[in-house]
Amino acid sequence: MARALINVPAKAKKGEIIEIKTMLSHPMETGFRPSDDGKLVPRNIIKRFVCTYDGEAVFSADLFPAISANPFLSFTLVATNSGVITFSWTDDNGQTQVQTAKIEVA
Amino acid sequence: MILRALWILPACAMLLAVAIAHAEIPAQERKSGAEFMSPQTQAMQADDASNPGMLAVLDGEAAWNEKAGAANKACADCHGAAEQSMKGVSARYPAFNAATSQPIDVAGQVNQCRAERQQAQPLRAESRELLALTTYIGLQSRGMPVAPPDDERLTPFRERGKALFNQRLGQLNFSCAHCHEDNWGRKLGSAPIPQAHANAYPIYRLEWQDVGSLQRRLRNCMSGVRAAPYSYGSLEFIELELFLAERARGMAVETPGVRP
């Protein structure tokens, strides 16, 4: 499993705008780069990122080969209720990595 | 009249010597490479949530606690928590290794421990696993001043490192000092020339899209002046590391640094 850095405030007030930061360890191989034997390294990038808040998709992104390795995504949410925020990254091989964070809204 | 003219000669010779030697950077003018970066890159390094070097730290933390080799021991089995046992270690390396009578850097020390205590295969230079461990160990010294040991036995190696730093090499025939002592703060193409202080390694270099060691960075500069780079782990590199540590004495460790 690849490493992921997720920054979600543990607590927030109801209605507060919170900043979420995520970074996944991933090479974002473009498919244009030759390896040592001269053959092209097959493309392997994160294609899709989805963030759900209590089961509802609140932020998603399509990623493309020009995006750097270890893609860093930062966005804001409105804290509505206590719950689980889920992050999922899907790559070209169809593998999906899921990470979760809990938030307490008072 | 003749006598008066004669005393000027040695004075002239001294002036000439000063003009040829490279201007060493005075302590109050020393700047970390981070100060030459854009505010965006500085912010990236300053926030652990956005510093990609922290991904290597996470890998390193896992490797620290993972059993390896015939001895089936993890780093943590002997050294305990890295937060205590590795505090300040990167700040004082390279150190003198009595067994080989040679200086050794952190990466070399990790591999020596693997061979002797874990009875495991050494990690390949610049491999993901080795960089993860050296970055994790380096993080434990973050904020501490670079403090190379006052070990007499290191002096000849450090002196050779200094000579290498001032040695012209490659088709472009530049020494490290030509750029990093005589022309720091100016530009090479569009890139600012930093003072080449080794206080943030291993670094996450945006150009590499990955974490890399000081030796990888030095190899980059060497191919930049069209010289054949020394090989990883060579004595020349350890000697240069020793001199660079002395040159950056007292500066804060920034590991894992982010560089453009």
# chains A, B, ... in the order shown; residues from 1 in each chain; ligands from 1
>>> residues_around(residues="region 71-75 of chain A", least_positions_apart="5", cutoff="6 Å", atoms="only C-alpha atoms", output="list in words")
Glu19, Ile20, Lys21, Thr22, Met23 and Leu24 of chain A
>>> write_last_selection(atoms="C-alpha atoms", output="PDB file, in the first residue's frame")
ATOM      1  CA  GLU A  19      -9.123  22.920   4.785  1.00  0.00           C
ATOM      2  CA  ILE A  20      -8.276  19.368   3.734  1.00  0.00           C
ATOM      3  CA  LYS A  21      -4.813  18.461   2.463  1.00  0.00           C
ATOM      4  CA  THR A  22      -3.991  15.124   0.878  1.00  0.00           C
ATOM      5  CA  MET A  23      -0.866  13.674  -0.682  1.00  0.00           C
ATOM      6  CA  LEU A  24      -0.398  10.154  -2.032  1.00  0.00           C
TER       7      LEU A  24
END
>>> interface_residues(of="chain B", to="chain A", cutoff="12 Å", atoms="only C-alpha atoms", output="list of chain:residue names")
B:Met44, B:Asp47, B:Asp48, B:Ala49, B:Ser50, B:Asn51, B:Pro52, B:Gly53, B:Met54, B:Leu55, B:Ala56, B:Val57, B:Leu58, B:Asp59, B:Gly60, B:Glu61, B:Ala62, B:Ala132, B:Tyr204, B:Arg205, B:Leu206, B:Glu207, B:Trp208, B:Gln209, B:Asp210, B:Val211
>>> residues_around(residues="Gln102 (chain B)", least_positions_apart="6", cutoff="10 Å", atoms="only C-alpha atoms", output="list in words")
Pro94, Ala95, Phe96, Arg153, Leu154, Phe157, Leu235, Ile238 and Glu239 of chain B
>>> residues_around(residues="Phe32 (chain A)", least_positions_apart="4", cutoff="10 Å", atoms="only C-alpha atoms", output="PyMOL selection string")
chain A and resi 39-43+65
>>> write_last_selection(atoms="N, CA, C and O atoms", output="tab-separated table (two decimals), in the first residue's frame")
chain	number	residue	atom	x	y	z
A	39	LYS	N	12.96	0.80	-23.64
A	39	LYS	CA	11.53	0.66	-23.85
A	39	LYS	C	10.77	1.66	-23.00
A	39	LYS	O	11.25	2.06	-21.93
A	40	LEU	N	9.58	2.04	-23.49
A	40	LEU	CA	8.81	3.01	-22.72
A	40	LEU	C	8.25	2.36	-21.45
A	40	LEU	O	7.78	1.21	-21.48
A	41	VAL	N	8.33	3.07	-20.35
A	41	VAL	CA	7.73	2.60	-19.11
A	41	VAL	C	6.22	2.78	-19.25
A	41	VAL	O	5.77	3.86	-19.62
A	42	PRO	N	5.43	1.71	-19.04
A	42	PRO	CA	3.98	1.87	-19.23
A	42	PRO	C	3.39	2.95	-18.34
A	42	PRO	O	3.85	3.14	-17.21
A	43	ARG	N	2.41	3.63	-18.89
A	43	ARG	CA	1.79	4.72	-18.14
A	43	ARG	C	1.13	4.17	-16.88
A	43	ARG	O	0.46	3.14	-16.91
A	65	PRO	N	-1.51	13.11	-17.11
A	65	PRO	CA	-0.08	12.78	-17.01
A	65	PRO	C	0.82	13.96	-16.64
A	65	PRO	O	1.92	13.75	-16.15
>>> select_by_dssp(residues="region 13-260 of chain B", states="helix (DSSP H, G or I)", output="VMD selection string")
chain B and resid 13 to 20 27 to 29 33 to 36 39 to 46 53 to 64 75 to 79 82 to 85 89 to 92 106 to 118 128 to 139 152 to 165 176 to 180 214 to 224 235 to 247
>>> select_by_dssp(residues="chain A", states="strand (DSSP E or B)", output="ChimeraX atom specification")
/A:4-7,11-12,17-24,29,34,40,44,46-53,56-62,72-78,83-91,96-105
>>> residues_around(residues="Asp91 (chain A)", least_positions_apart="4", cutoff="7 Å", atoms="only C-alpha atoms", output="list in words")
Asn44, Ile45, Ile46, Lys47, Gln95 and Thr96 of chain A
>>> write_last_selection(atoms="N, CA, C and O atoms", output="mmCIF file, in the first residue's frame")
data_model
loop_
_atom_site.group_PDB
_atom_site.id
_atom_site.type_symbol
_atom_site.label_atom_id
_atom_site.label_comp_id
_atom_site.auth_asym_id
_atom_site.auth_seq_id
_atom_site.Cartn_x
_atom_site.Cartn_y
_atom_site.Cartn_z
ATOM 1 N N ASN A 44 1.338 4.838 -15.769
ATOM 2 C CA ASN A 44 0.641 4.494 -14.534
ATOM 3 C C ASN A 44 0.452 5.771 -13.729
ATOM 4 O O ASN A 44 1.377 6.238 -13.058
ATOM 5 N N ILE A 45 -0.710 6.351 -13.863
ATOM 6 C CA ILE A 45 -0.986 7.585 -13.120
ATOM 7 C C ILE A 45 -2.260 7.389 -12.296
ATOM 8 O O ILE A 45 -3.054 6.493 -12.560
ATOM 9 N N ILE A 46 -2.414 8.241 -11.302
ATOM 10 C CA ILE A 46 -3.689 8.310 -10.589
ATOM 11 C C ILE A 46 -4.658 9.002 -11.546
ATOM 12 O O ILE A 46 -4.371 10.092 -12.040
ATOM 13 N N LYS A 47 -5.762 8.330 -11.833
ATOM 14 C CA LYS A 47 -6.715 8.927 -12.779
ATOM 15 C C LYS A 47 -7.817 9.714 -12.070
ATOM 16 O O LYS A 47 -8.335 10.693 -12.599
ATOM 17 N N GLN A 95 -6.279 -0.075 -9.505
ATOM 18 C CA GLN A 95 -6.160 -0.228 -8.055
ATOM 19 C C GLN A 95 -6.659 1.035 -7.361
ATOM 20 O O GLN A 95 -6.340 2.147 -7.781
ATOM 21 N N THR A 96 -7.417 0.839 -6.309
ATOM 22 C CA THR A 96 -7.940 1.971 -5.568
ATOM 23 C C THR A 96 -7.424 1.915 -4.139
ATOM 24 O O THR A 96 -7.461 0.869 -3.503
#
>>> atom_distance(atom1="CA of Val84 (chain A)", atom2="CA of Asp54 (chain A)")
5.5 Å
>>> residues_around(residues="Ala125 (chain B)", least_positions_apart="6", cutoff="10 Å", atoms="only C-alpha atoms", output="PyMOL selection string")
chain B and resi 107-108+111+131+213+215-216+231-233
>>> write_last_selection(atoms="N, CA and C atoms", output="mmCIF file, in the first residue's frame")
data_model
loop_
_atom_site.group_PDB
_atom_site.id
_atom_site.type_symbol
_atom_site.label_atom_id
_atom_site.label_comp_id
_atom_site.auth_asym_id
_atom_site.auth_seq_id
_atom_site.Cartn_x
_atom_site.Cartn_y
_atom_site.Cartn_z
ATOM 1 N N ALA B 107 24.275 6.987 5.572
ATOM 2 C CA ALA B 107 23.883 5.885 4.687
ATOM 3 C C ALA B 107 24.843 4.711 4.861
ATOM 4 N N GLY B 108 26.134 5.009 4.953
ATOM 5 C CA GLY B 108 27.133 3.962 5.157
ATOM 6 C C GLY B 108 26.943 3.273 6.492
ATOM 7 N N ASN B 111 24.076 0.805 6.403
ATOM 8 C CA ASN B 111 24.452 -0.445 5.751
ATOM 9 C C ASN B 111 25.427 -1.257 6.585
ATOM 10 N N LEU B 131 17.046 5.573 1.315
ATOM 11 C CA LEU B 131 16.694 6.993 1.443
ATOM 12 C C LEU B 131 15.606 7.186 2.495
ATOM 13 N N SER B 213 19.837 11.885 -2.157
ATOM 14 C CA SER B 213 20.875 12.166 -1.166
ATOM 15 C C SER B 213 21.758 13.326 -1.618
ATOM 16 N N GLN B 215 24.845 12.982 -2.137
ATOM 17 C CA GLN B 215 25.747 12.483 -3.181
ATOM 18 C C GLN B 215 25.093 12.563 -4.556
ATOM 19 N N ARG B 216 23.775 12.323 -4.616
ATOM 20 C CA ARG B 216 23.087 12.456 -5.906
ATOM 21 C C ARG B 216 23.170 13.901 -6.380
ATOM 22 N N SER B 231 31.682 7.756 -7.827
ATOM 23 C CA SER B 231 30.606 6.784 -7.626
ATOM 24 C C SER B 231 30.026 6.935 -6.222
ATOM 25 N N TYR B 232 28.786 6.451 -6.063
ATOM 26 C CA TYR B 232 28.111 6.523 -4.769
ATOM 27 C C TYR B 232 28.944 5.836 -3.697
ATOM 28 N N GLY B 233 29.065 6.480 -2.558
ATOM 29 C CA GLY B 233 29.767 5.895 -1.426
ATOM 30 C C GLY B 233 31.278 5.974 -1.532
#
>>> atom_distance(atom1="CA of Ser234 (chain B)", atom2="CA of Gly161 (chain B)")
12.0 Å
>>> atom_distance(atom1="CA of Tyr136 (chain B)", atom2="CA of Ala68 (chain B)")
17.3 Å
